[in-house]
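Engineer: Structure provided below as structure tokens; questions to follow.
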Amino acid sequence: MRSFTLFGASKRSVTASSGTGNWPEVLRRETIANNARLLAAAALLGMVPAIYALVLGATVPFLLASLVLAGGLISLALHQRGQHEVAAAAQVATLMATGLVLTLIDPRLVDAGMAVAVMGPVLAGLIARHSLRRLSWLGLAPVTALGAIAAGLGLPAVPLTGVVLTYSSVAGFAVAFVVVAFSAHRINMAFEVTDKAQVNVYRHLIEHVQDTVLRLSADGNILVASRSSETLFGCPRYQVAGSKLVERLHIMDRPAFLTALAEAAQDGRNRLIELRLRQDDPHARSNVPRFLWVEVQLSPIIDDSAGGNSHDVIALVRDITARKDAEAAMAEARRVAEDASQAKSRFLATIGHELRTPLNAVVGFSEMMSSGIGGDLSPTHKEYADLIQQSGKHLLEVVSMLLDMSRIEAGKFEIQADAMDAGAVIPACFAMVETLAKERNVRLVSEIEPDLPLMSADERVCRQIVINLLSNAVKFSHEGGLVTVSVKRQGQSINFSVKDRGIGMAPAAMARIGEPFFQVQDGLSRKYEGTGLGLSIVKGLVELHGGTLRAMSEIGAGTTITVLLPINGPATKPGETADILQLHREPVAAAPTSWPNEKRKAQ
């Protein structure tokens, strides 16, 4: 059973409706229904005197009451069927029709009927959509025209006593006024409730947001502070209200804050700055202030209605001390790591030079002993001398690799680029690894593209690159395997490719190619000897030439290492090799922040 509420929903229902997603439409529909009930109730109340006037021979009051009653009931029925726009149009038409009737029975142009008719477009402006509003004002023109015609032609008025005409006019205007006033009151009350609800939501948001929200005047005074400011400032917020925020900032950060505040307050620009803010500590045992790093976002409050060129500013303050401490710790750790890397490079360079001189003597004298210069040796002693010579050469090779790596990392490996034939370096490289290949019964094959253009590169470095790649390919090939070296042109580069059919590498090992001291087989039980520096040196030398290193491998199927060197040579000149990226391409460490040491400088 539907309830009949004469004066519509209460303030609580308006508040509830305002919480919905489409509360203006809900409010409008409720107002249309209540207006229909008001019209019907007013007509029923006026029906008794109208019937009495009808018995006395005055038909106009009964006609007006019937018209209003019919309009109210029709509008209510349309509203219940969901035809809200038609229901609103019925109410507007009822008021304008009532005004037309009163205008026609009263020969005066300016009368109560015209006032009632004007209430129709006013009601449409409150409860109807734009199309009905425009149509209602257009419909007011015929009513005015008919009233003017009736007054101008002097048409005879409907026979009424003065008392009946007066009461009918007053009653019609009163009904129209009550309906319009009630609609305006409902809408105004709803907007007040909604505005208050929105203000409460914003206040709740500001009070419970984690970041501190401040409202600053144009000169930096704190006008409003959120609850979280007590944690940030270390004191109750009433103590900071009215004070200047700049007084709590580190003395070295104040110019930046004042500049940003001026740009926000005067120019209306949003600014984001990082500052050091003093935090009070009533339990501190010393007078040394404690500063926090904060991120301050300044947003001007633009109010066109307010005079003047300055604006208040909303400051959103976030504590970023933990982030700054982490950045400082990271910078310090990076600096320590770089110092350790440089110390390692210096150690390798020093120990390499120190080892090279005695190793050359060991190798040289062992060769002299093997050749019989110092006298004939027994077979056993000759075997020992050969072992000493082989071990010495191996150690010299390791030392040379260490020196090369240290020079590359230090950016002191100089490239002497000159015109060279890329294919001519392959026979010399084969000669260098021929002995190792024969020991493992590995066959070496070259595929050199004819008519290769001359390239600008360091021939000594290119031989070293190919020799290191060939040595690795032979070392990791199976007994009786095949190693193929191909040289061809690929765009603006020369392609050096070394392919073997050896043990191959897993994807995890492929990702670490070029890492110093990395070996596919690690541990004390590894089968293949080596320092793991070969490919790292190759990668460094390739990068010095401005080239690229690529690798494709499959476990058990072999590995293909491809080096692309630009034909026109490296873009870096020999005098600029100190700017070459190191093998360990770590980002340059920023200077460690000194803000903790500046606390004593603040006021």
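Letters A, B, ... mark the chains of the structure tokens in the order given; residue numbers begin at 1 per chain; ligand numbers begin at 1, in order shown.
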Taking the chain letters and numbering used in this document, name the residues of stretch 135-351 of chain A that DSSP puts in helix (DSSP H, G or I), as a count of residues only.

Structural biologist: 124

Engineer: Could you list, as a PyMOL selection string, every residue within 9 Å of A:Asp219, counting only C-alpha atoms and ignoring same-chain residues fewer than 5 positions away?

Structural biologist: chain A and resi 244+258+261-262+265+312

Engineer: For the residues in that selection, give me N, CA and C atoms as a compact mmCIF listing (two decimals), in the first residue's frame.

Structural biologist:
```txt
# COMPACT_ATOMS: atom_id res chain seq x y z
N LYS A 244 54.70 30.86 10.56
CA LYS A 244 55.19 30.76 9.19
C LYS A 244 55.89 29.42 9.00
N LEU A 258 60.57 29.75 -0.60
CA LEU A 258 59.96 31.07 -0.83
C LEU A 258 59.74 31.32 -2.32
N LEU A 261 56.75 29.15 -3.31
CA LEU A 261 55.52 29.72 -2.76
C LEU A 261 55.08 30.94 -3.55
N ALA A 262 56.02 31.79 -3.93
CA ALA A 262 55.68 32.98 -4.72
C ALA A 262 55.13 32.58 -6.08
N ALA A 265 51.53 31.29 -5.34
CA ALA A 265 50.58 32.29 -4.86
C ALA A 265 50.38 33.42 -5.86
N ASP A 312 45.68 31.97 -1.82
CA ASP A 312 46.10 31.02 -0.80
C ASP A 312 46.59 29.75 -1.48
```

Engineer: Between atom CA of A:Pro289 and atom CA of A:Glu327, what is the distance, to one decimal in Å?

Structural biologist: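 We find that atom CA of A:Pro289 and atom CA of A:Glu327 lie 21.9 Å from each other.
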
Engineer: Excluding A:Ser136 and its own-chain neighbours fewer than 2 positions away, which residues fall within 8 Å of it when counting only C-alpha atoms? Please give them as a PyMOL selection string.

Structural biologist: chain A and resi 92+120-121+124+132-134+138-140

Engineer: Export C-alpha atoms of the chosen residues as a compact mmCIF listing (two decimals), in the first residue's frame?

Structural biologist:
```
# COMPACT_ATOMS: atom_id res chain seq x y z
CA VAL A 92 2.88 23.25 -15.53
CA GLY A 120 3.88 27.78 -14.73
CA PRO A 121 7.24 28.57 -16.40
CA ALA A 124 9.07 24.30 -15.06
CA LEU A 132 9.83 21.85 -21.21
CA ARG A 133 11.21 25.07 -19.71
CA ARG A 134 11.54 26.68 -23.13
CA LEU A 138 6.56 30.03 -25.27
CA GLY A 139 3.14 28.89 -24.02
CA LEU A 140 2.90 32.00 -21.86
```

Engineer: Please report, as a tab-separated table, each residue of stretch 337-451 of chain A lying at most 6 Å from stretch 482-502 of chain A, together with the nearest pair of atoms and the separation in Å rounded to one decimal; use only C-alpha atoms, and order rows by chain and ascending residue number.

Structural biologist:
```
residue	atom	partner	partner_atom	distance
A:Val442	CA	A:Leu482	CA	5.6
A:Arg443	CA	A:Leu482	CA	4.9
A:Leu444	CA	A:Val483	CA	5.1
A:Val445	CA	A:Thr484	CA	4.8
A:Ser446	CA	A:Val485	CA	4.7
A:Glu447	CA	A:Ser486	CA	4.4
A:Ile448	CA	A:Val487	CA	4.8
A:Glu449	CA	A:Lys488	CA	5.1
```

Engineer: Tell me which of A:Glu439, A:Glu332, A:Asp267, A:Asp376 sits closest to A:Leu298, counting only C-alpha atoms.

Structural biologist: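 Of the candidates, the smallest distance to A:Leu298 is held by A:Asp267.
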